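J.: mmCIF, C-alpha atoms and all ligand atoms, file coords.cif:
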data_start
loop_
_atom_site.label_atom_id
_atom_site.label_comp_id
_atom_site.auth_asym_id
_atom_site.auth_seq_id
_atom_site.Cartn_x
_atom_site.Cartn_y
_atom_site.Cartn_z
CA MET A 17 66.61 -59.32 13.37
CA LYS A 18 69.63 -57.09 13.26
CA ALA A 19 71.61 -59.55 11.19
CA LYS A 20 68.70 -59.66 8.79
CA ARG A 21 68.67 -55.89 8.50
CA ILE A 22 72.31 -55.94 7.60
CA ARG A 23 71.79 -58.72 5.13
CA ILE A 24 68.95 -56.78 3.54
CA ALA A 25 71.10 -53.68 3.39
CA ALA A 26 73.74 -55.71 1.59
CA MET A 27 71.16 -57.01 -0.82
CA LEU A 28 70.05 -53.45 -1.33
CA ALA A 29 73.42 -52.47 -2.64
CA ALA A 30 73.91 -55.68 -4.58
CA SER A 31 70.58 -55.60 -6.30
CA ALA A 32 70.56 -51.97 -7.30
CA LEU A 33 71.34 -52.96 -10.85
CA ILE A 34 68.73 -55.66 -11.15
CA LEU A 35 65.79 -53.76 -9.78
CA HIS A 36 63.72 -54.49 -12.82
CA ALA A 37 63.87 -58.14 -11.90
CA CYS A 38 61.35 -57.59 -9.14
CA GLY A 39 58.45 -59.92 -9.56
CA GLY A 40 59.44 -60.96 -13.02
CA GLY A 41 59.92 -64.45 -14.24
CA ALA A 42 58.37 -67.75 -13.45
CA ASN A 43 58.13 -68.96 -9.95
CA GLU A 44 58.56 -72.63 -9.41
CA GLY A 45 58.60 -72.37 -5.69
CA ALA A 46 55.30 -70.77 -4.79
CA SER A 47 54.77 -72.16 -1.36
CA ALA A 48 51.55 -73.98 -0.80
CA GLY A 49 51.36 -73.88 2.93
CA PRO A 50 51.68 -71.03 5.36
CA PRO A 51 54.82 -70.67 7.40
CA GLY A 52 54.54 -71.76 10.97
CA ALA A 53 54.10 -69.30 13.79
CA GLU A 54 53.00 -69.57 17.36
CA SER A 55 52.09 -66.06 18.26
CA GLN A 56 49.21 -64.63 16.33
CA ALA A 57 46.27 -62.55 17.27
CA PRO A 58 44.13 -64.62 19.60
CA GLY A 59 40.42 -64.91 19.11
CA ALA A 60 40.36 -65.34 15.37
CA GLU A 61 37.22 -67.28 14.67
CA SER A 62 37.38 -70.96 13.83
CA GLN A 63 40.63 -71.84 15.53
CA ASP A 64 42.17 -74.77 13.75
CA GLU A 65 44.89 -76.40 15.82
CA SER A 66 46.82 -77.48 12.76
CA LYS A 67 47.65 -74.00 11.51
CA PRO A 68 48.64 -70.69 13.02
CA ALA A 69 45.63 -68.53 13.74
CA GLY A 70 44.85 -66.17 10.93
CA MET A 71 46.90 -67.92 8.27
CA ILE A 72 44.97 -69.09 5.25
CA THR A 73 45.43 -72.61 3.91
CA ALA A 74 44.23 -74.13 0.66
CA ALA A 75 41.39 -75.77 2.58
CA ASP A 76 39.99 -72.33 3.44
CA LEU A 77 39.50 -71.43 -0.19
CA SER A 78 37.24 -72.72 -2.89
CA LEU A 79 37.83 -71.36 -6.34
CA GLY A 80 35.27 -72.12 -8.99
CA ASP A 81 34.46 -70.17 -12.12
CA ILE A 82 35.41 -66.54 -11.82
CA ASP A 83 32.67 -64.64 -10.03
CA PRO A 84 32.28 -61.29 -11.84
CA ALA A 85 30.63 -59.54 -8.89
CA MET A 86 33.45 -60.48 -6.55
CA ALA A 87 36.05 -59.52 -9.13
CA GLU A 88 34.35 -56.15 -9.51
CA LYS A 89 34.51 -55.53 -5.76
CA GLY A 90 38.12 -56.62 -5.78
CA LYS A 91 38.88 -54.11 -8.52
CA THR A 92 37.41 -51.34 -6.40
CA THR A 93 39.65 -52.31 -3.49
CA TYR A 94 42.59 -52.48 -5.88
CA ASP A 95 41.88 -48.95 -7.13
CA VAL A 96 41.78 -47.58 -3.60
CA LYS A 97 44.42 -49.58 -1.74
CA CYS A 98 46.78 -51.37 -4.09
CA GLN A 99 47.11 -49.39 -7.31
CA ALA A 100 49.72 -47.03 -5.90
CA CYS A 101 52.19 -49.92 -5.76
CA HIS A 102 50.91 -52.65 -8.11
CA SER A 103 50.14 -52.44 -11.81
CA MET A 104 47.67 -54.74 -13.56
CA GLY A 105 50.39 -55.47 -16.09
CA GLU A 106 53.79 -57.09 -15.76
CA ASN A 107 55.70 -53.98 -14.82
CA ARG A 108 56.73 -53.27 -11.28
CA VAL A 109 55.66 -50.05 -9.65
CA VAL A 110 56.75 -50.48 -6.04
CA GLY A 111 55.64 -54.09 -5.81
CA PRO A 112 55.35 -56.62 -8.65
CA GLY A 113 52.77 -56.26 -11.42
CA TRP A 114 49.80 -58.57 -11.08
CA LYS A 115 49.40 -59.88 -14.60
CA GLY A 116 49.25 -63.65 -14.41
CA ILE A 117 49.91 -63.67 -10.68
CA THR A 118 47.42 -66.46 -10.05
CA THR A 119 49.38 -68.67 -12.45
CA ARG A 120 52.62 -68.02 -10.55
CA ARG A 121 51.35 -68.20 -7.00
CA GLU A 122 49.12 -70.43 -4.94
CA PRO A 123 45.82 -68.78 -3.96
CA ALA A 124 46.45 -69.32 -0.24
CA TRP A 125 49.92 -67.77 -0.59
CA ILE A 126 48.39 -64.71 -2.24
CA MET A 127 45.77 -64.43 0.50
CA ASN A 128 48.47 -64.56 3.14
CA MET A 129 50.49 -61.88 1.37
CA ILE A 130 47.41 -59.68 1.58
CA LEU A 131 46.24 -60.54 5.08
CA ASN A 132 49.42 -61.61 6.88
CA ILE A 133 52.24 -59.75 5.19
CA ASP A 134 54.32 -59.35 8.32
CA MET A 135 54.34 -63.04 9.03
CA MET A 136 55.06 -63.82 5.39
CA LEU A 137 58.03 -61.46 5.32
CA ALA A 138 59.27 -63.01 8.55
CA GLU A 139 58.84 -66.64 7.57
CA ASP A 140 58.24 -67.26 3.88
CA GLU A 141 61.21 -67.53 1.56
CA GLU A 142 59.38 -66.40 -1.56
CA ALA A 143 58.05 -63.32 0.20
CA GLN A 144 61.56 -62.56 1.46
CA LYS A 145 62.93 -62.84 -2.06
CA LEU A 146 60.41 -60.27 -3.23
CA LEU A 147 61.43 -57.93 -0.46
CA GLU A 148 65.05 -58.30 -1.47
CA GLN A 149 64.10 -57.38 -5.03
CA CYS A 150 61.59 -54.65 -4.28
CA LEU A 151 63.43 -53.13 -1.31
CA VAL A 152 60.20 -51.94 0.25
CA ARG A 153 58.10 -53.81 2.77
CA MET A 154 54.52 -54.05 1.69
CA PRO A 155 52.44 -52.37 4.38
CA ASN A 156 49.51 -54.29 5.81
CA GLN A 157 46.44 -52.85 4.09
CA ASN A 158 44.06 -54.13 6.78
CA LEU A 159 41.68 -55.86 4.45
CA SER A 160 39.02 -58.21 5.78
CA LYS A 161 39.20 -61.82 4.65
CA GLU A 162 36.27 -61.17 2.36
CA GLU A 163 37.89 -58.12 0.78
CA ALA A 164 41.08 -60.08 0.23
CA ARG A 165 39.11 -62.89 -1.38
CA ASP A 166 37.48 -60.38 -3.75
CA VAL A 167 40.90 -59.03 -4.70
CA LEU A 168 42.05 -62.59 -5.39
CA GLU A 169 39.05 -62.99 -7.68
CA PHE A 170 40.00 -59.79 -9.47
CA MET A 171 43.57 -61.08 -9.86
CA ARG A 172 42.23 -64.18 -11.58
CA THR A 173 40.93 -61.93 -14.38
CA LEU A 174 44.38 -60.45 -15.06
C1 LIG A 201 53.24 -49.20 -0.45
C2 LIG A 201 53.25 -50.12 -1.56
C3 LIG A 201 52.28 -51.28 -1.58
C4 LIG A 201 50.91 -51.26 -1.46
C5 LIG A 201 49.99 -50.06 -1.20
C6 LIG A 201 50.47 -52.63 -1.67
N1 LIG A 201 51.54 -53.44 -1.89
FE1 LIG A 201 51.49 -55.44 -2.30
N2 LIG A 201 53.51 -55.48 -2.40
C7 LIG A 201 54.34 -54.40 -2.23
C8 LIG A 201 55.72 -54.86 -2.26
C9 LIG A 201 56.94 -53.97 -2.11
C10 LIG A 201 55.68 -56.25 -2.47
C11 LIG A 201 56.84 -57.25 -2.53
C12 LIG A 201 57.01 -57.86 -1.12
C13 LIG A 201 57.65 -56.89 -0.16
O1 LIG A 201 58.70 -56.32 -0.50
O2 LIG A 201 57.09 -56.67 0.95
C14 LIG A 201 54.27 -56.60 -2.58
C15 LIG A 201 53.83 -57.89 -2.85
C16 LIG A 201 52.50 -58.24 -3.00
C17 LIG A 201 52.04 -59.53 -3.41
C18 LIG A 201 52.91 -60.68 -3.92
C19 LIG A 201 53.20 -60.34 -5.39
C20 LIG A 201 53.86 -61.42 -6.20
O3 LIG A 201 54.19 -61.15 -7.37
O4 LIG A 201 54.07 -62.53 -5.72
C21 LIG A 201 50.69 -59.50 -3.37
C22 LIG A 201 49.74 -60.61 -3.71
C23 LIG A 201 50.30 -58.17 -2.93
N3 LIG A 201 51.44 -57.44 -2.73
C24 LIG A 201 49.01 -57.75 -2.77
C25 LIG A 201 48.64 -56.45 -2.44
C26 LIG A 201 47.27 -56.02 -2.29
C27 LIG A 201 46.05 -56.89 -2.47
C28 LIG A 201 47.30 -54.68 -2.00
C29 LIG A 201 46.13 -53.76 -1.75
C30 LIG A 201 45.12 -54.18 -0.83
C31 LIG A 201 48.70 -54.28 -1.94
N4 LIG A 201 49.48 -55.38 -2.22
C32 LIG A 201 49.14 -53.01 -1.64
C33 LIG A 201 53.96 -53.10 -2.04
C34 LIG A 201 52.67 -52.66 -1.85
#
What would the structure in this file look like if it were written as structure tokens?
Ligand code: HEC
T.:
Amino acid sequence: MKAKRIRIAAMLAASALILHACGGGANEGASAGPPGAESQAPGAESQDESKPAGMITAADLSLGDIDPAMAEKGKTTYDVKCQACHSMGENRVVGPGWKGITTRREPAWIMNMILNIDMMLAEDEEAQKLLEQCLVRMPNQNLSKEEARDVLEFMRTL
């Protein structure tokens, strides 16, 4: 942990000049699966032995045609809880802009960034790269799975 802090501090200094790079560019490495972890909140419904409790996998999601009602609800959540740090365009505010995010990232990865940010920052390389670029840890916004899914639907419209 401490070593990581120091490493991040070093990155902080090193990346001061390339701040604008945050979230930009294509991402070949969007991870499909969740990172492993043993200790997660117990009691999450539908315990699946093959994945850490609470982490979303591709099998948990079904994406069909964009559902306008869900996207609308997602937009409302965005306005209240995400807009301060994320634009709907390509520009970074505090975190990366969301334009085209669903073409850069796997849906399950996005869901885990929303619902399990702490685990993602601890275990997922792509999430860690973003932190190194953005220099701010995304706070957990305490969305329900359903709210997160609505936000994902909204993202698909961007
Ligand atoms: C206080 C600022 C802040 C708020 C509020 C915030 N985020 Fe973030 N978000 C970040 C930062 C910073 C990152 C980059 C990862 C990191 O540094 O932790 C990020 C990364 C992300 C990513 C990955 C982006 C990419 O390009 O891969 C997603 C998805 C995301 N946030 C979703 C959300 C959602 C959904 C909400 C609202 C419910 C939200 N964020 C609210 C700061 C914020």
J.: Taking all atoms listed in the file and a cut-off of 7 Å, can you tell me which residues surround ligand LIG 201 (chain A), written as a ChimeraX atom specification?
T.: /A:39,93-94,97-102,110-114,117,121,126-127,129-130,137,143,146-148,150-155,157,159,164,167
J.: How many Å separate CA of Arg120 (chain A) from CA of Met171 (chain A)?
T.: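 CA of Arg120 (chain A) sits 11.4 Å away from CA of Met171 (chain A).
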J.: Find the residues around Asp83 (chain A) up to 10 Å (all atoms listed in the file counted), leave out those fewer than 3 positions away in its own chain, and share them as a list in words.
T.: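 Result of the neighbour search: Leu79, Gly80, Met86, Ala87, Glu88, Asp166, Glu169, Phe170, Arg172 and Thr173 of chain A.
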J.: Which of these residues is nearest to Ala124 (chain A), using all atoms listed in the file: A:Leu174, A:Gly105, A:Ala75, A:Asp140?
T.: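 Going through A:Leu174, A:Gly105, A:Ala75, A:Asp140 one by one, the smallest distance to Ala124 (chain A) is for A:Ala75.
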J.: Find the distance between CA of Asn156 (chain A) and CA of Ile133 (chain A) and write it in Å to one decimal.
T.: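 Distance reported for this atom pair: 6.1 Å.
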J.: Here is a test: counting all atoms listed in the file, which residue of A:Lys145, A:Arg108, A:Lys115, A:Lys161 is nearest to Asn132 (chain A)?
T.: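 Ranking A:Lys145, A:Arg108, A:Lys115, A:Lys161 by distance to Asn132 (chain A), first place goes to A:Lys161.
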J.: By how many Å are CA of Met71 (chain A) and CA of Pro84 (chain A) apart?
T.: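 Computing the Euclidean distance for CA of Met71 (chain A) and CA of Pro84 (chain A) yields 25.7 Å.
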